[in-house]
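The structure under discussion appears below in the form of structure tokens.
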Amino acid sequence: MLENTEETPLIGLLNKIKEIQTAGDRLVQICATKIGGNYELLYTFGRDYDIRHIKVTIEPGAHVPSITDMFPAAYLYENEIHDLFGIAIDGINHDYKGGLYRTPVEAPFK
Amino acid sequence: MSLANFTKTEFKNLFRKPATEKYPDGPATYKDTTRGHIENNMDTCVLCSVCQMRCPTGAITVDRKAQTWSIRPFSCIQCRRCVDNCPKKSLSMAKEYTKPDVVKSQMDFELSDRQKAVLAEQARQAAERVAAAMEERKKAAASAKQTKDGEAKKSEDNKTQ
Amino acid sequence: MAAKRSVIPFGPQHPVLPEPIHIDLVTEDEKVVEAIPSIGFVHRGLENLVTKKDFGEMVYVAERICGICSFGHGYGYVDAIEHIMNIEPTGRAKYIRTLLFELSRMHSHILWLGLMADAFGFESLFMETWKYREKVLDMLEAATGGRVIFSIMRIGGLRKDVPDDILSGFLPELDKIEEGIRACEKAFLSDPAVLGRLKGVGYLSKEDAVKLGCEGPFLRASGVARDNRMKGYAAYSDMDFDIITSDDGDSYGRCYVRIQEIYQSANIIRQCIEKMPKEGIYVPIKGFPNGEYMTIIEQPRGGACYYVHASGKKFIERMRVRTPTFANIPALAKTLQGCDVADVPILVVTIDPCISCTER
């Protein structure tokens, strides 16, 4: 099973990530999974070799705040999630507006 | 003399024989383990279609009616899964790579006449066995019915008595 | 008067790029002010195939995510599934996996050396390094049967054993390769013409490297000692090796780290052959995976994450691969700021970009 995982509601996400940023962790990855009708966002952070995950479950159509204010390198992950899953992410520092992946089908993993 | 760092190697290379093979002019060398292409021995194949089911890309088609085994070499990814799963060890991996082509061709192989005869013979024997088994079952059923009838008659007799 | 700004598109087709990446370079005269990377030319949707192929067949798909780090992708996926299903592979399987992993690291780094030589216009050095890469490929072919895609991974172990006589035949080959690379190393690390192209180009500080989430040799060249092999997956816990770092932080440092890692890999392979256990290579598996796991391994290009979410069915719900190049692109954009336009090709090559694994 996934170790060191915390589940957070969408409202508390930014506060949680702010805490992690203050602690000095680095962003490892962000990934989305479609479970049933909902989407699960998995934010992974690491310090040296220790890894921890933040899990957020969102409903289709929900708007997710971007974390690029705190982790500027997160823009590729967020654009990827937007392009593949069609999840709206607000306030990305480099928003490609659906142009990161040139797929013939819009949001193929939706 | 740091400027001449690589010059030495270059000079040596001038007098060495080439590191590459003159492939289209001469034969290519392969390792013993190289996975090149799939070959099927049509003398031992029994058209069980395990290879067709196991192939991750669906490159193999087995047609039992026409008694052919076909492969699309340009879909084959040389993973060796069919060879490992072949129950008759009829499939094998040959060392040479697939020949280039201008179309994504399909190669059909028909069973050899000998193997066709063997399979026909096996099918005939199987059919015979099935027929024999059916016969047996019929007989058994008939005898069971007889005994049942007999019992029924007996019980009827008992009732009348 | 301020210099006029103009935008120069770089890629997706460019002589120095082996794979398509597009960068918009905002320039002032000959200096790059800002670089905006964009990818997405070769997206194939391999992650989504996991819902259409059964979990055993998916190993073949995972291996085909990339042609250079193919073994690592197969390993990462198989390792995640093995953790979910609580399978412990046998000792020999672990050692052979480690050995093949290191061989593919050697192959990848030597390939990179060649591309680097090509990028700064040293054609004969490019040919020379690839001569040794060919030897590594021959070893891989002798061990597995495939030169690029090995198809030897299997959930629970390996599909075929590598006999001991083939393994011991590797030792003289390794010596030959090491000798050859040492000859090339002189050209890379002390030739004044080459140094002029590498020294001080694309400096990335230690703080930036950590903040932007760099991985692999790119990170270690900035002086951060992080190598996921130290976590001791496969047989790495039995191996004796150190993390190679460089404090230069520039292209020269990245070149140095990769060359040293070739020797390090050769050493690990020798240790593997020496300590190779004798027992079997495969543990049978039962049932379907149920659960989620994330494996982080060290690919030739850096740490790669493999996330698998399975729900006890034949088909897995989600597989996600975070490749090192994906993590290195933001840092690449950072290093491109302030460099000369003529140095852009070299800088793009120094992160060892592998776009087909980045887009999957």
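Going by the structure tokens order, chains are called A, B, ..., each with residues numbered from 1, while ligands are numbered from 1 in the order shown.
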Could you tell me which residues of chain B sit within 8 Å of chain C when counting only C-alpha atoms, and give me the result as a compact mmCIF listing (two decimals) with C-alpha atoms, in the first residue's frame?
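Heads up, here's the output in out-v8.txt:
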# COMPACT_ATOMS: atom_id res chain seq x y z
CA SER B 2 46.77 18.54 -24.47
CA LEU B 3 45.94 19.55 -28.06
CA ASN B 5 44.67 14.26 -26.91
CA PHE B 6 42.56 12.60 -29.50
CA THR B 9 43.43 7.57 -31.16
CA GLU B 10 42.64 8.94 -34.59
CA ALA B 19 34.87 -1.68 -36.37
CA LYS B 31 24.59 -13.88 -31.18
CA ASP B 32 23.30 -17.33 -30.30
CA THR B 33 20.57 -15.80 -28.19
CA THR B 34 19.38 -13.18 -30.70
CA ARG B 35 15.64 -12.97 -31.07
CA PRO B 56 0.53 -9.36 -27.05
CA CYS B 79 9.02 -11.02 -27.34
Would you write out, as a tab-separated table, a table of all residues in chain A that have an atom no more than 8 Å from an atom of chain C, listing for each the closest atom pair and the distance in Å to one decimal, considering only C-alpha atoms and ordering rows by chain and rising residue number?
residue	atom	partner	partner_atom	distance
A:Met1	CA	C:Glu292	CA	5.4
A:Leu2	CA	C:Tyr293	CA	5.0
A:Arg26	CA	C:Lys211	CA	6.3
A:Leu27	CA	C:Gly213	CA	6.3
A:Val28	CA	C:Gly213	CA	6.8
A:Gln29	CA	C:Arg322	CA	6.9
A:Cys31	CA	C:Arg320	CA	7.2
A:Thr33	CA	C:Arg318	CA	6.3
A:Lys34	CA	C:Glu317	CA	7.7
A:Ile35	CA	C:Glu317	CA	7.7
A:Asp48	CA	C:Arg226	CA	6.8
A:Tyr49	CA	C:Asn228	CA	7.2
A:Phe71	CA	C:Lys211	CA	7.7
A:Pro72	CA	C:Leu212	CA	7.2
A:Ala73	CA	C:Leu212	CA	5.4
A:Leu76	CA	C:Phe326	CA	7.8
A:Leu100	CA	C:Gly40	CA	5.6
A:Tyr101	CA	C:Gly40	CA	4.1
A:Arg102	CA	C:Gly40	CA	5.5
A:Thr103	CA	C:His43	CA	7.4
A:Phe109	CA	C:Asn48	CA	7.0
Selection to disk with N, CA and C atoms, as a PDB file, in the first residue's frame:
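Saved the output as selection22.pdb:
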ATOM      1  N   MET A   1       0.840  -1.204   0.000  1.00  0.00           N
ATOM      2  CA  MET A   1       0.000   0.000   0.000  1.00  0.00           C
ATOM      3  C   MET A   1       0.870   1.247   0.000  1.00  0.00           C
ATOM      4  N   LEU A   2       0.290   2.341  -0.409  1.00  0.00           N
ATOM      5  CA  LEU A   2       1.024   3.592  -0.479  1.00  0.00           C
ATOM      6  C   LEU A   2       1.302   4.091   0.931  1.00  0.00           C
ATOM      7  N   ARG A  26      10.742  18.935  -1.558  1.00  0.00           N
ATOM      8  CA  ARG A  26      10.707  19.217  -2.993  1.00  0.00           C
ATOM      9  C   ARG A  26       9.514  18.496  -3.614  1.00  0.00           C
ATOM     10  N   LEU A  27       9.069  18.990  -4.763  1.00  0.00           N
ATOM     11  CA  LEU A  27       7.951  18.342  -5.442  1.00  0.00           C
ATOM     12  C   LEU A  27       8.500  17.193  -6.272  1.00  0.00           C
ATOM     13  N   VAL A  28       7.936  15.994  -6.100  1.00  0.00           N
ATOM     14  CA  VAL A  28       8.388  14.863  -6.905  1.00  0.00           C
ATOM     15  C   VAL A  28       7.489  14.704  -8.116  1.00  0.00           C
ATOM     16  N   GLN A  29       6.191  14.647  -7.904  1.00  0.00           N
ATOM     17  CA  GLN A  29       5.296  14.519  -9.050  1.00  0.00           C
ATOM     18  C   GLN A  29       3.866  14.817  -8.650  1.00  0.00           C
ATOM     19  N   CYS A  31      -0.024  13.457  -9.999  1.00  0.00           N
ATOM     20  CA  CYS A  31      -0.658  12.559 -10.949  1.00  0.00           C
ATOM     21  C   CYS A  31      -2.137  12.452 -10.667  1.00  0.00           C
ATOM     22  N   THR A  33      -5.777  10.129 -11.177  1.00  0.00           N
ATOM     23  CA  THR A  33      -6.294   8.793 -11.445  1.00  0.00           C
ATOM     24  C   THR A  33      -7.801   8.891 -11.478  1.00  0.00           C
ATOM     25  N   LYS A  34      -8.397   8.182 -12.412  1.00  0.00           N
ATOM     26  CA  LYS A  34      -9.856   8.184 -12.450  1.00  0.00           C
ATOM     27  C   LYS A  34     -10.349   6.968 -11.684  1.00  0.00           C
ATOM     28  N   ILE A  35     -11.069   7.212 -10.581  1.00  0.00           N
ATOM     29  CA  ILE A  35     -11.585   6.113  -9.765  1.00  0.00           C
ATOM     30  C   ILE A  35     -13.098   6.253  -9.752  1.00  0.00           C
ATOM     31  N   ASP A  48      15.240  14.306   0.517  1.00  0.00           N
ATOM     32  CA  ASP A  48      16.217  13.256   0.266  1.00  0.00           C
ATOM     33  C   ASP A  48      15.493  12.010  -0.251  1.00  0.00           C
ATOM     34  N   TYR A  49      15.556  10.901   0.519  1.00  0.00           N
ATOM     35  CA  TYR A  49      14.929   9.694  -0.002  1.00  0.00           C
ATOM     36  C   TYR A  49      13.543   9.447   0.594  1.00  0.00           C
ATOM     37  N   PHE A  71       5.518  25.920  -5.746  1.00  0.00           N
ATOM     38  CA  PHE A  71       6.462  25.072  -6.469  1.00  0.00           C
ATOM     39  C   PHE A  71       6.422  25.465  -7.945  1.00  0.00           C
ATOM     40  N   PRO A  72       7.284  26.384  -8.384  1.00  0.00           N
ATOM     41  CA  PRO A  72       7.174  26.898  -9.752  1.00  0.00           C
ATOM     42  C   PRO A  72       7.333  25.809 -10.816  1.00  0.00           C
ATOM     43  N   ALA A  73       8.018  24.707 -10.466  1.00  0.00           N
ATOM     44  CA  ALA A  73       8.247  23.678 -11.471  1.00  0.00           C
ATOM     45  C   ALA A  73       7.035  22.778 -11.678  1.00  0.00           C
ATOM     46  N   LEU A  76       4.375  21.876 -15.503  1.00  0.00           N
ATOM     47  CA  LEU A  76       4.247  20.804 -16.503  1.00  0.00           C
ATOM     48  C   LEU A  76       3.250  19.752 -16.050  1.00  0.00           C
ATOM     49  N   LEU A 100      -0.250  21.609 -24.371  1.00  0.00           N
ATOM     50  CA  LEU A 100       0.968  20.868 -24.039  1.00  0.00           C
ATOM     51  C   LEU A 100       1.017  19.559 -24.816  1.00  0.00           C
ATOM     52  N   TYR A 101      -0.060  18.801 -24.756  1.00  0.00           N
ATOM     53  CA  TYR A 101      -0.130  17.565 -25.534  1.00  0.00           C
ATOM     54  C   TYR A 101      -1.022  17.808 -26.737  1.00  0.00           C
ATOM     55  N   ARG A 102      -0.505  17.473 -27.897  1.00  0.00           N
ATOM     56  CA  ARG A 102      -1.303  17.669 -29.109  1.00  0.00           C
ATOM     57  C   ARG A 102      -2.034  16.373 -29.412  1.00  0.00           C
ATOM     58  N   THR A 103      -3.157  16.155 -28.737  1.00  0.00           N
ATOM     59  CA  THR A 103      -3.905  14.914 -28.941  1.00  0.00           C
ATOM     60  C   THR A 103      -5.103  15.182 -29.847  1.00  0.00           C
ATOM     61  N   PHE A 109      -8.020  10.798 -21.350  1.00  0.00           N
ATOM     62  CA  PHE A 109      -8.124   9.914 -20.182  1.00  0.00           C
ATOM     63  C   PHE A 109      -9.368  10.212 -19.368  1.00  0.00           C
TER      64      PHE A 109
END
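CA of Ile30 (chain A) is found 11.8 Å from CA of Thr68 (chain A).
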Report the distance between CA of Met276 (chain C) and CA of Tyr263 (chain C) in Å, rounded to one decimal place.
19.8 Å
As a ChimeraX atom specification, please: the residues near region 84-96 of chain B (cut-off 10 Å, only C-alpha atoms, same-chain neighbours under 6 positions excluded).
/B:28-51,54-55,78 /C:145,159-160
